[in-house]
>>> print(open('data.txt').read())   # compact mmCIF, N, CA and C atoms
# COMPACT_ATOMS: atom_id res chain seq x y z
N MET A 1 -50.89 -39.26 51.80
CA MET A 1 -51.98 -39.16 50.83
C MET A 1 -52.79 -40.46 50.81
N GLU A 2 -54.09 -40.31 50.88
CA GLU A 2 -54.96 -41.49 50.90
C GLU A 2 -55.10 -42.04 49.49
N SER A 3 -54.91 -43.34 49.38
CA SER A 3 -55.04 -44.00 48.09
C SER A 3 -56.35 -44.79 48.07
N MET A 4 -57.16 -44.57 47.05
CA MET A 4 -58.45 -45.25 46.95
C MET A 4 -58.46 -46.20 45.75
N ILE A 5 -59.15 -47.31 45.92
CA ILE A 5 -59.39 -48.21 44.80
C ILE A 5 -60.90 -48.39 44.68
N THR A 6 -61.32 -48.96 43.59
CA THR A 6 -62.75 -49.23 43.38
C THR A 6 -62.95 -50.73 43.26
N ILE A 7 -63.90 -51.26 44.01
CA ILE A 7 -64.31 -52.65 43.86
C ILE A 7 -65.80 -52.66 43.57
N THR A 8 -66.25 -53.68 42.88
CA THR A 8 -67.67 -53.82 42.58
C THR A 8 -68.20 -55.02 43.32
N VAL A 9 -69.27 -54.83 44.08
CA VAL A 9 -69.91 -55.91 44.82
C VAL A 9 -71.32 -56.08 44.25
N ILE A 10 -71.61 -57.27 43.77
CA ILE A 10 -72.94 -57.57 43.25
C ILE A 10 -73.74 -58.22 44.37
N ASP A 11 -74.84 -57.57 44.75
CA ASP A 11 -75.61 -58.08 45.88
C ASP A 11 -76.47 -59.28 45.47
N ARG A 12 -77.22 -59.81 46.43
CA ARG A 12 -77.99 -61.04 46.19
C ARG A 12 -79.17 -60.83 45.24
N GLU A 13 -79.50 -59.56 44.96
CA GLU A 13 -80.57 -59.26 43.99
C GLU A 13 -79.98 -59.02 42.60
N GLY A 14 -78.65 -59.10 42.48
CA GLY A 14 -78.01 -58.90 41.19
C GLY A 14 -77.66 -57.46 40.89
N VAL A 15 -77.78 -56.57 41.89
CA VAL A 15 -77.45 -55.15 41.70
C VAL A 15 -75.97 -54.94 41.98
N ALA A 16 -75.27 -54.30 41.03
CA ALA A 16 -73.83 -54.03 41.20
C ALA A 16 -73.64 -52.71 41.93
N HIS A 17 -72.80 -52.75 42.97
CA HIS A 17 -72.47 -51.55 43.75
C HIS A 17 -70.99 -51.26 43.55
N LYS A 18 -70.67 -50.11 42.95
CA LYS A 18 -69.27 -49.70 42.81
C LYS A 18 -68.88 -49.00 44.11
N LEU A 19 -67.92 -49.56 44.81
CA LEU A 19 -67.54 -49.03 46.12
C LEU A 19 -66.10 -48.54 46.09
N GLU A 20 -65.87 -47.37 46.70
CA GLU A 20 -64.51 -46.88 46.85
C GLU A 20 -63.99 -47.38 48.18
N ALA A 21 -62.73 -47.78 48.18
CA ALA A 21 -62.14 -48.33 49.40
C ALA A 21 -60.72 -47.80 49.57
N PRO A 22 -60.38 -47.33 50.78
CA PRO A 22 -59.03 -46.84 51.02
C PRO A 22 -58.05 -48.00 51.21
N THR A 23 -56.86 -47.84 50.63
CA THR A 23 -55.87 -48.92 50.73
C THR A 23 -54.95 -48.75 51.94
N ASP A 24 -55.12 -47.67 52.69
CA ASP A 24 -54.17 -47.38 53.78
C ASP A 24 -54.75 -47.65 55.17
N MET A 25 -55.86 -48.39 55.25
CA MET A 25 -56.48 -48.62 56.56
C MET A 25 -56.55 -50.09 56.95
N ASN A 26 -55.90 -50.95 56.19
CA ASN A 26 -55.86 -52.39 56.47
C ASN A 26 -57.27 -52.99 56.56
N LEU A 27 -58.17 -52.53 55.68
CA LEU A 27 -59.53 -53.06 55.65
C LEU A 27 -59.61 -54.27 54.74
N ASN A 28 -60.76 -54.96 54.79
CA ASN A 28 -60.98 -56.10 53.90
C ASN A 28 -62.33 -55.91 53.20
N VAL A 29 -62.61 -56.79 52.26
CA VAL A 29 -63.83 -56.68 51.45
C VAL A 29 -65.09 -56.74 52.34
N MET A 30 -65.10 -57.62 53.34
CA MET A 30 -66.25 -57.71 54.24
C MET A 30 -66.52 -56.36 54.92
N GLU A 31 -65.47 -55.72 55.41
CA GLU A 31 -65.63 -54.44 56.12
C GLU A 31 -66.14 -53.34 55.19
N ILE A 32 -65.68 -53.35 53.94
CA ILE A 32 -66.15 -52.37 52.96
C ILE A 32 -67.63 -52.61 52.67
N CYS A 33 -68.02 -53.87 52.54
CA CYS A 33 -69.44 -54.19 52.33
C CYS A 33 -70.29 -53.69 53.49
N LYS A 34 -69.85 -53.97 54.72
CA LYS A 34 -70.61 -53.54 55.90
C LYS A 34 -70.68 -52.01 55.98
N ALA A 35 -69.57 -51.35 55.68
CA ALA A 35 -69.53 -49.88 55.74
C ALA A 35 -70.49 -49.27 54.73
N ASN A 36 -70.78 -50.00 53.66
CA ASN A 36 -71.70 -49.52 52.64
C ASN A 36 -73.09 -50.15 52.78
N GLU A 37 -73.34 -50.73 53.94
CA GLU A 37 -74.64 -51.28 54.31
C GLU A 37 -75.13 -52.37 53.36
N LEU A 38 -74.19 -53.16 52.85
CA LEU A 38 -74.58 -54.33 52.07
C LEU A 38 -74.83 -55.48 53.04
N PRO A 39 -75.69 -56.43 52.67
CA PRO A 39 -76.11 -57.48 53.62
C PRO A 39 -75.05 -58.57 53.84
N VAL A 40 -73.98 -58.18 54.51
CA VAL A 40 -72.92 -59.13 54.87
C VAL A 40 -72.86 -59.16 56.39
N GLU A 41 -72.95 -60.37 56.96
CA GLU A 41 -72.99 -60.45 58.42
C GLU A 41 -71.61 -60.29 59.05
N GLY A 42 -70.66 -61.12 58.65
CA GLY A 42 -69.33 -61.05 59.26
C GLY A 42 -69.39 -61.29 60.75
N THR A 43 -70.17 -62.31 61.16
CA THR A 43 -70.41 -62.53 62.58
C THR A 43 -69.15 -62.85 63.37
N CYS A 44 -68.12 -63.40 62.73
CA CYS A 44 -66.91 -63.75 63.49
C CYS A 44 -65.92 -62.60 63.55
N GLY A 45 -66.26 -61.47 62.91
CA GLY A 45 -65.39 -60.30 62.97
C GLY A 45 -64.16 -60.40 62.08
N GLY A 46 -64.20 -61.26 61.09
CA GLY A 46 -63.09 -61.33 60.14
C GLY A 46 -62.03 -62.36 60.47
N MET A 47 -62.38 -63.35 61.27
CA MET A 47 -61.41 -64.37 61.69
C MET A 47 -61.46 -65.66 60.84
N ALA A 48 -62.21 -65.63 59.75
CA ALA A 48 -62.37 -66.81 58.87
C ALA A 48 -63.02 -67.97 59.63
N LEU A 49 -63.99 -67.64 60.49
CA LEU A 49 -64.63 -68.67 61.31
C LEU A 49 -66.11 -68.88 61.03
N CYS A 50 -66.72 -68.08 60.13
CA CYS A 50 -68.17 -68.24 59.99
C CYS A 50 -68.67 -68.34 58.55
N ALA A 51 -67.92 -67.88 57.58
CA ALA A 51 -68.31 -67.91 56.16
C ALA A 51 -69.53 -67.05 55.84
N SER A 52 -69.96 -66.15 56.75
CA SER A 52 -71.11 -65.31 56.45
C SER A 52 -70.75 -64.16 55.49
N CYS A 53 -69.47 -64.05 55.13
CA CYS A 53 -69.04 -63.03 54.16
C CYS A 53 -68.58 -63.68 52.86
N GLN A 54 -68.97 -64.95 52.65
CA GLN A 54 -68.53 -65.65 51.44
C GLN A 54 -68.99 -64.90 50.19
N CYS A 55 -68.10 -64.82 49.23
CA CYS A 55 -68.44 -64.19 47.96
C CYS A 55 -67.76 -64.97 46.84
N TYR A 56 -68.15 -64.67 45.62
CA TYR A 56 -67.58 -65.30 44.45
C TYR A 56 -66.82 -64.24 43.65
N THR A 57 -65.57 -64.52 43.32
CA THR A 57 -64.82 -63.56 42.51
C THR A 57 -65.28 -63.69 41.06
N GLU A 58 -65.60 -62.56 40.45
CA GLU A 58 -66.12 -62.56 39.09
C GLU A 58 -65.18 -61.83 38.12
N SER A 59 -64.09 -61.30 38.64
CA SER A 59 -63.10 -60.67 37.76
C SER A 59 -61.84 -61.53 37.81
N ASP A 60 -60.94 -61.31 36.87
CA ASP A 60 -59.71 -62.11 36.89
C ASP A 60 -58.61 -61.40 37.68
N THR A 61 -59.04 -60.62 38.67
CA THR A 61 -58.11 -59.93 39.57
C THR A 61 -57.27 -60.96 40.32
N LEU A 62 -55.97 -60.76 40.32
CA LEU A 62 -55.10 -61.68 41.04
C LEU A 62 -55.19 -61.41 42.53
N LEU A 63 -55.63 -62.42 43.28
CA LEU A 63 -55.77 -62.29 44.74
C LEU A 63 -54.70 -63.11 45.44
N PRO A 64 -54.38 -62.76 46.67
CA PRO A 64 -53.42 -63.56 47.44
C PRO A 64 -53.93 -65.00 47.61
N GLU A 65 -52.99 -65.91 47.83
CA GLU A 65 -53.34 -67.31 48.08
C GLU A 65 -54.29 -67.41 49.26
N GLN A 66 -55.18 -68.40 49.19
CA GLN A 66 -56.08 -68.63 50.33
C GLN A 66 -55.29 -69.26 51.47
N SER A 67 -55.58 -68.81 52.69
CA SER A 67 -54.93 -69.38 53.87
C SER A 67 -55.56 -70.73 54.19
N ASP A 68 -54.89 -71.51 55.02
CA ASP A 68 -55.45 -72.79 55.46
C ASP A 68 -56.77 -72.57 56.19
N ALA A 69 -56.84 -71.49 56.99
CA ALA A 69 -58.07 -71.19 57.75
C ALA A 69 -59.23 -70.90 56.79
N GLU A 70 -58.95 -70.14 55.74
CA GLU A 70 -59.99 -69.81 54.77
C GLU A 70 -60.45 -71.07 54.04
N LEU A 71 -59.51 -71.88 53.61
CA LEU A 71 -59.86 -73.13 52.91
C LEU A 71 -60.66 -74.06 53.81
N ALA A 72 -60.28 -74.16 55.08
CA ALA A 72 -60.98 -75.02 56.03
C ALA A 72 -62.41 -74.53 56.24
N MET A 73 -62.59 -73.21 56.34
CA MET A 73 -63.93 -72.66 56.56
C MET A 73 -64.79 -72.89 55.32
N LEU A 74 -64.24 -72.66 54.14
CA LEU A 74 -65.00 -72.87 52.91
C LEU A 74 -65.37 -74.35 52.74
N ASP A 75 -64.52 -75.21 53.28
CA ASP A 75 -64.78 -76.65 53.21
C ASP A 75 -66.06 -77.02 53.95
N GLN A 76 -66.44 -76.21 54.95
CA GLN A 76 -67.63 -76.49 55.76
C GLN A 76 -68.81 -75.60 55.38
N ALA A 77 -68.61 -74.66 54.46
CA ALA A 77 -69.65 -73.68 54.13
C ALA A 77 -70.62 -74.23 53.09
N PHE A 78 -71.74 -73.55 52.96
CA PHE A 78 -72.75 -73.89 51.95
C PHE A 78 -72.51 -73.06 50.69
N HIS A 79 -73.05 -73.50 49.56
CA HIS A 79 -73.01 -72.75 48.30
C HIS A 79 -71.59 -72.46 47.82
N VAL A 80 -70.63 -73.31 48.17
CA VAL A 80 -69.23 -73.07 47.80
C VAL A 80 -69.03 -73.41 46.32
N LYS A 81 -68.33 -72.53 45.63
CA LYS A 81 -67.99 -72.74 44.23
C LYS A 81 -66.48 -72.66 44.06
N GLU A 82 -66.02 -72.94 42.84
CA GLU A 82 -64.60 -72.86 42.51
C GLU A 82 -64.01 -71.49 42.83
N ASN A 83 -64.82 -70.44 42.65
CA ASN A 83 -64.33 -69.06 42.83
C ASN A 83 -64.75 -68.46 44.18
N SER A 84 -65.12 -69.31 45.14
CA SER A 84 -65.51 -68.80 46.46
C SER A 84 -64.31 -68.25 47.22
N ARG A 85 -64.55 -67.13 47.89
CA ARG A 85 -63.57 -66.56 48.81
C ARG A 85 -64.33 -66.01 50.01
N LEU A 86 -63.63 -65.85 51.12
CA LEU A 86 -64.20 -65.16 52.27
C LEU A 86 -63.82 -63.69 52.15
N GLY A 87 -64.83 -62.83 52.15
CA GLY A 87 -64.56 -61.40 52.00
C GLY A 87 -63.61 -60.86 53.06
N CYS A 88 -63.68 -61.44 54.26
CA CYS A 88 -62.82 -60.96 55.35
C CYS A 88 -61.35 -61.29 55.12
N GLN A 89 -61.08 -62.18 54.18
CA GLN A 89 -59.70 -62.59 53.93
C GLN A 89 -59.11 -61.90 52.69
N ILE A 90 -59.89 -61.02 52.06
CA ILE A 90 -59.38 -60.27 50.90
C ILE A 90 -59.09 -58.86 51.38
N ARG A 91 -57.81 -58.56 51.58
CA ARG A 91 -57.38 -57.24 52.04
C ARG A 91 -57.52 -56.21 50.92
N ILE A 92 -57.87 -54.99 51.31
CA ILE A 92 -57.98 -53.89 50.36
C ILE A 92 -56.57 -53.36 50.11
N THR A 93 -56.02 -53.68 48.95
CA THR A 93 -54.68 -53.24 48.56
C THR A 93 -54.76 -52.67 47.14
N PRO A 94 -53.77 -51.87 46.74
CA PRO A 94 -53.80 -51.31 45.38
C PRO A 94 -53.89 -52.41 44.30
N GLU A 95 -53.36 -53.59 44.60
CA GLU A 95 -53.33 -54.68 43.62
C GLU A 95 -54.71 -55.20 43.25
N ILE A 96 -55.71 -55.02 44.11
CA ILE A 96 -57.03 -55.57 43.79
C ILE A 96 -57.98 -54.53 43.20
N ASP A 97 -57.46 -53.37 42.79
CA ASP A 97 -58.30 -52.34 42.17
C ASP A 97 -59.07 -52.96 41.00
N GLY A 98 -60.38 -52.73 40.97
CA GLY A 98 -61.20 -53.27 39.89
C GLY A 98 -61.81 -54.63 40.20
N LEU A 99 -61.54 -55.18 41.37
CA LEU A 99 -62.09 -56.48 41.76
C LEU A 99 -63.61 -56.47 41.67
N VAL A 100 -64.17 -57.58 41.16
CA VAL A 100 -65.62 -57.74 41.12
C VAL A 100 -65.97 -59.01 41.89
N VAL A 101 -66.83 -58.89 42.89
CA VAL A 101 -67.28 -60.06 43.65
C VAL A 101 -68.81 -60.06 43.71
N ARG A 102 -69.36 -61.27 43.85
CA ARG A 102 -70.80 -61.44 44.01
C ARG A 102 -71.03 -62.07 45.37
N LEU A 103 -71.96 -61.53 46.15
CA LEU A 103 -72.26 -62.09 47.47
C LEU A 103 -72.89 -63.48 47.32
N ALA A 104 -72.45 -64.41 48.13
CA ALA A 104 -73.03 -65.76 48.12
C ALA A 104 -74.41 -65.70 48.75
N PRO A 105 -75.29 -66.68 48.42
CA PRO A 105 -76.65 -66.67 48.99
C PRO A 105 -76.63 -66.75 50.51
>>> encode(input="data.txt", output="structure tokens")
Amino acid sequence: MESMITITVIDREGVAHKLEAPTDMNLNVMEICKANELPVEGTCGGMALCASCQCYTESDTLLPEQSDAELAMLDQAFHVKENSRLGCQIRITPEIDGLVVRLAP
């Protein structure tokens, strides 16, 4: 049985998009954004090498610890804030149901 969660992605114009995402396909937030035609590049294909999928977490959803690769990439990225994450590093799991993120500029 396919399990779906809902995440909200606020685009760069401030419009909130409620997106359904399957938890059984090992997808990440960047891939869900791209599948829904939101303006996320993801040029490195999800390897935490480009920061083109940077977003800001706006809900108090508990997310997994950031990896060294993610922290290193954010260290070199622009517009980084305390709540910055790379969308490609946030896996779609039942635990993140209700997550709200805002796309970085």
>>> atom_distance(input="data.txt", atom1="CA of Leu74 (chain A)", atom2="CA of Met47 (chain A)")
12.7 Å
>>> closest_atom_pairs(input="data.txt", of="region 21-47 of chain A", to="region 9-17 of chain A", cutoff="8 Å", atoms="all atoms listed in the file", output="JSON lines")
{"residue": "A:Cys33", "atom": "CA", "partner": "A:Val9", "partner_atom": "CA", "distance": 7.7}
{"residue": "A:Leu38", "atom": "CA", "partner": "A:Asp11", "partner_atom": "CA", "distance": 7.3}
{"residue": "A:Pro39", "atom": "N", "partner": "A:Asp11", "partner_atom": "CA", "distance": 7.0}
>>> atom_distance(input="data.txt", atom1="CA of Ile90 (chain A)", atom2="atom N of Asn28 (chain A)")
6.7 Å
>>> atom_distance(input="data.txt", atom1="atom C of Pro94 (chain A)", atom2="CA of Val80 (chain A)")
26.0 Å
>>> residues_around(input="data.txt", residues="Met30 (chain A)", least_positions_apart="4", cutoff="12 Å", atoms="only C-alpha atoms", output="ChimeraX atom specification")
/A:7,9,19,21,26,34-48,51-55,85-92,101-103
>>> select_by_dssp(input="data.txt", residues="chain A", states="strand (DSSP E)", output="VMD selection string")
chain A and resid 4 to 10 16 to 22 54 to 57 84 to 86 100 to 103
>>> select_by_dssp(input="data.txt", residues="chain A", states="helix (DSSP H, G or I)", output="list in words")
Val29, Met30, Glu31, Ile32, Cys33, Lys34, Ala35, Asp68, Ala69, Glu70, Leu71, Ala72, Met73, Leu74, Asp75, Gln76, Gly87, Cys88, Gln89, Pro94, Glu95 and Ile96 of chain A
>>> residues_around(input="data.txt", residues="Thr23 (chain A)", least_positions_apart="4", cutoff="5 Å", atoms="all atoms listed in the file", output="JSON, numbers by chain")
{"A": [3, 4, 92, 93]}
>>> closest_residue(input="data.txt", among="A:Ala104, A:Leu63, A:Cys50, A:Ile96", to="Gln76 (chain A)", atoms="only C-alpha atoms")
A:Cys50
>>> decode(input="data.txt", residues="region 73-87 of chain A", atoms="all heavy atoms", output="PDB file, in the first residue's frame")
ATOM      1  N   MET A  73      28.390  22.196   1.975  1.00  0.00           N
ATOM      2  CA  MET A  73      27.811  22.887   0.824  1.00  0.00           C
ATOM      3  C   MET A  73      27.129  24.168   1.273  1.00  0.00           C
ATOM      4  O   MET A  73      27.289  25.214   0.648  1.00  0.00           O
ATOM      5  CB  MET A  73      26.806  21.958   0.119  1.00  0.00           C
ATOM      6  CG  MET A  73      26.319  22.499  -1.209  1.00  0.00           C
ATOM      7  SD  MET A  73      27.640  22.659  -2.429  1.00  0.00           S
ATOM      8  CE  MET A  73      27.800  24.412  -2.564  1.00  0.00           C
ATOM      9  N   LEU A  74      26.383  24.115   2.367  1.00  0.00           N
ATOM     10  CA  LEU A  74      25.708  25.318   2.865  1.00  0.00           C
ATOM     11  C   LEU A  74      26.727  26.373   3.302  1.00  0.00           C
ATOM     12  O   LEU A  74      26.465  27.564   3.219  1.00  0.00           O
ATOM     13  CB  LEU A  74      24.757  24.971   4.013  1.00  0.00           C
ATOM     14  CG  LEU A  74      23.462  24.268   3.577  1.00  0.00           C
ATOM     15  CD1 LEU A  74      22.704  23.761   4.792  1.00  0.00           C
ATOM     16  CD2 LEU A  74      22.598  25.186   2.733  1.00  0.00           C
ATOM     17  N   ASP A  75      27.893  25.906   3.733  1.00  0.00           N
ATOM     18  CA  ASP A  75      28.953  26.821   4.146  1.00  0.00           C
ATOM     19  C   ASP A  75      29.429  27.691   2.979  1.00  0.00           C
ATOM     20  O   ASP A  75      29.918  28.792   3.173  1.00  0.00           O
ATOM     21  CB  ASP A  75      30.126  26.006   4.720  1.00  0.00           C
ATOM     22  CG  ASP A  75      31.053  26.854   5.574  1.00  0.00           C
ATOM     23  OD1 ASP A  75      30.535  27.698   6.338  1.00  0.00           O
ATOM     24  OD2 ASP A  75      32.280  26.675   5.470  1.00  0.00           O
ATOM     25  N   GLN A  76      29.265  27.183   1.749  1.00  0.00           N
ATOM     26  CA  GLN A  76      29.716  27.908   0.558  1.00  0.00           C
ATOM     27  C   GLN A  76      28.561  28.565  -0.201  1.00  0.00           C
ATOM     28  O   GLN A  76      28.783  29.251  -1.187  1.00  0.00           O
ATOM     29  CB  GLN A  76      30.413  26.930  -0.399  1.00  0.00           C
ATOM     30  CG  GLN A  76      31.618  26.234   0.197  1.00  0.00           C
ATOM     31  CD  GLN A  76      32.089  25.112  -0.710  1.00  0.00           C
ATOM     32  OE1 GLN A  76      31.968  25.178  -1.917  1.00  0.00           O
ATOM     33  NE2 GLN A  76      32.650  24.064  -0.115  1.00  0.00           N
ATOM     34  N   ALA A  77      27.325  28.336   0.243  1.00  0.00           N
ATOM     35  CA  ALA A  77      26.155  28.818  -0.495  1.00  0.00           C
ATOM     36  C   ALA A  77      25.819  30.258  -0.136  1.00  0.00           C
ATOM     37  O   ALA A  77      26.298  30.796   0.857  1.00  0.00           O
ATOM     38  CB  ALA A  77      24.962  27.907  -0.205  1.00  0.00           C
ATOM     39  N   PHE A  78      24.986  30.865  -0.958  1.00  0.00           N
ATOM     40  CA  PHE A  78      24.491  32.223  -0.717  1.00  0.00           C
ATOM     41  C   PHE A  78      23.161  32.158   0.026  1.00  0.00           C
ATOM     42  O   PHE A  78      22.467  31.148  -0.033  1.00  0.00           O
ATOM     43  CB  PHE A  78      24.288  32.962  -2.049  1.00  0.00           C
ATOM     44  CG  PHE A  78      25.551  33.149  -2.830  1.00  0.00           C
ATOM     45  CD1 PHE A  78      25.809  32.367  -3.939  1.00  0.00           C
ATOM     46  CD2 PHE A  78      26.485  34.106  -2.444  1.00  0.00           C
ATOM     47  CE1 PHE A  78      26.986  32.534  -4.667  1.00  0.00           C
ATOM     48  CE2 PHE A  78      27.658  34.281  -3.170  1.00  0.00           C
ATOM     49  CZ  PHE A  78      27.908  33.492  -4.283  1.00  0.00           C
ATOM     50  N   HIS A  79      22.771  33.252   0.672  1.00  0.00           N
ATOM     51  CA  HIS A  79      21.463  33.382   1.331  1.00  0.00           C
ATOM     52  C   HIS A  79      21.234  32.334   2.418  1.00  0.00           C
ATOM     53  O   HIS A  79      20.090  31.949   2.662  1.00  0.00           O
ATOM     54  CB  HIS A  79      20.320  33.314   0.309  1.00  0.00           C
ATOM     55  CG  HIS A  79      20.503  34.206  -0.875  1.00  0.00           C
ATOM     56  ND1 HIS A  79      20.473  35.585  -0.781  1.00  0.00           N
ATOM     57  CD2 HIS A  79      20.738  33.927  -2.181  1.00  0.00           C
ATOM     58  CE1 HIS A  79      20.676  36.099  -1.987  1.00  0.00           C
ATOM     59  NE2 HIS A  79      20.846  35.127  -2.847  1.00  0.00           N
ATOM     60  N   VAL A  80      22.306  31.847   3.046  1.00  0.00           N
ATOM     61  CA  VAL A  80      22.163  30.803   4.063  1.00  0.00           C
ATOM     62  C   VAL A  80      21.643  31.414   5.358  1.00  0.00           C
ATOM     63  O   VAL A  80      22.074  32.480   5.779  1.00  0.00           O
ATOM     64  CB  VAL A  80      23.509  30.076   4.300  1.00  0.00           C
ATOM     65  CG1 VAL A  80      23.396  29.084   5.438  1.00  0.00           C
ATOM     66  CG2 VAL A  80      23.956  29.376   3.024  1.00  0.00           C
ATOM     67  N   LYS A  81      20.688  30.731   5.963  1.00  0.00           N
ATOM     68  CA  LYS A  81      20.123  31.144   7.244  1.00  0.00           C
ATOM     69  C   LYS A  81      20.256  29.999   8.237  1.00  0.00           C
ATOM     70  O   LYS A  81      20.635  28.884   7.873  1.00  0.00           O
ATOM     71  CB  LYS A  81      18.637  31.504   7.088  1.00  0.00           C
ATOM     72  CG  LYS A  81      18.363  32.664   6.147  1.00  0.00           C
ATOM     73  CD  LYS A  81      16.865  32.925   6.090  1.00  0.00           C
ATOM     74  CE  LYS A  81      16.547  34.069   5.133  1.00  0.00           C
ATOM     75  NZ  LYS A  81      15.095  34.294   5.044  1.00  0.00           N
ATOM     76  N   GLU A  82      19.882  30.279   9.481  1.00  0.00           N
ATOM     77  CA  GLU A  82      19.907  29.273  10.546  1.00  0.00           C
ATOM     78  C   GLU A  82      19.099  28.027  10.171  1.00  0.00           C
ATOM     79  O   GLU A  82      19.460  26.911  10.517  1.00  0.00           O
ATOM     80  CB  GLU A  82      19.333  29.911  11.819  1.00  0.00           C
ATOM     81  CG  GLU A  82      19.491  29.094  13.070  1.00  0.00           C
ATOM     82  CD  GLU A  82      20.881  29.157  13.670  1.00  0.00           C
ATOM     83  OE1 GLU A  82      21.669  30.050  13.319  1.00  0.00           O
ATOM     84  OE2 GLU A  82      21.164  28.293  14.512  1.00  0.00           O
ATOM     85  N   ASN A  83      18.001  28.230   9.442  1.00  0.00           N
ATOM     86  CA  ASN A  83      17.093  27.122   9.105  1.00  0.00           C
ATOM     87  C   ASN A  83      17.285  26.607   7.676  1.00  0.00           C
ATOM     88  O   ASN A  83      16.399  25.954   7.129  1.00  0.00           O
ATOM     89  CB  ASN A  83      15.637  27.554   9.329  1.00  0.00           C
ATOM     90  CG  ASN A  83      15.236  28.766   8.495  1.00  0.00           C
ATOM     91  OD1 ASN A  83      16.075  29.515   8.011  1.00  0.00           O
ATOM     92  ND2 ASN A  83      13.940  28.965   8.323  1.00  0.00           N
ATOM     93  N   SER A  84      18.443  26.903   7.076  1.00  0.00           N
ATOM     94  CA  SER A  84      18.705  26.429   5.709  1.00  0.00           C
ATOM     95  C   SER A  84      18.927  24.919   5.685  1.00  0.00           C
ATOM     96  O   SER A  84      19.608  24.367   6.551  1.00  0.00           O
ATOM     97  CB  SER A  84      19.953  27.108   5.137  1.00  0.00           C
ATOM     98  OG  SER A  84      19.682  28.444   4.789  1.00  0.00           O
ATOM     99  N   ARG A  85      18.358  24.293   4.660  1.00  0.00           N
ATOM    100  CA  ARG A  85      18.608  22.883   4.384  1.00  0.00           C
ATOM    101  C   ARG A  85      18.702  22.721   2.869  1.00  0.00           C
ATOM    102  O   ARG A  85      18.188  23.546   2.116  1.00  0.00           O
ATOM    103  CB  ARG A  85      17.449  21.990   4.886  1.00  0.00           C
ATOM    104  CG  ARG A  85      17.291  21.904   6.392  1.00  0.00           C
ATOM    105  CD  ARG A  85      18.458  21.261   7.118  1.00  0.00           C
ATOM    106  NE  ARG A  85      18.739  19.905   6.711  1.00  0.00           N
ATOM    107  CZ  ARG A  85      18.497  18.821   7.447  1.00  0.00           C
ATOM    108  NH1 ARG A  85      17.951  18.943   8.634  1.00  0.00           N
ATOM    109  NH2 ARG A  85      18.810  17.617   7.001  1.00  0.00           N
ATOM    110  N   LEU A  86      19.332  21.646   2.444  1.00  0.00           N
ATOM    111  CA  LEU A  86      19.317  21.294   1.027  1.00  0.00           C
ATOM    112  C   LEU A  86      18.148  20.340   0.813  1.00  0.00           C
ATOM    113  O   LEU A  86      18.060  19.312   1.476  1.00  0.00           O
ATOM    114  CB  LEU A  86      20.631  20.618   0.609  1.00  0.00           C
ATOM    115  CG  LEU A  86      21.898  21.477   0.714  1.00  0.00           C
ATOM    116  CD1 LEU A  86      23.109  20.666   0.259  1.00  0.00           C
ATOM    117  CD2 LEU A  86      21.778  22.755  -0.084  1.00  0.00           C
ATOM    118  N   GLY A  87      17.261  20.713  -0.105  1.00  0.00           N
ATOM    119  CA  GLY A  87      16.081  19.884  -0.353  1.00  0.00           C
ATOM    120  C   GLY A  87      16.432  18.461  -0.737  1.00  0.00           C
ATOM    121  O   GLY A  87      15.715  17.521  -0.400  1.00  0.00           O
TER     122      GLY A  87
END
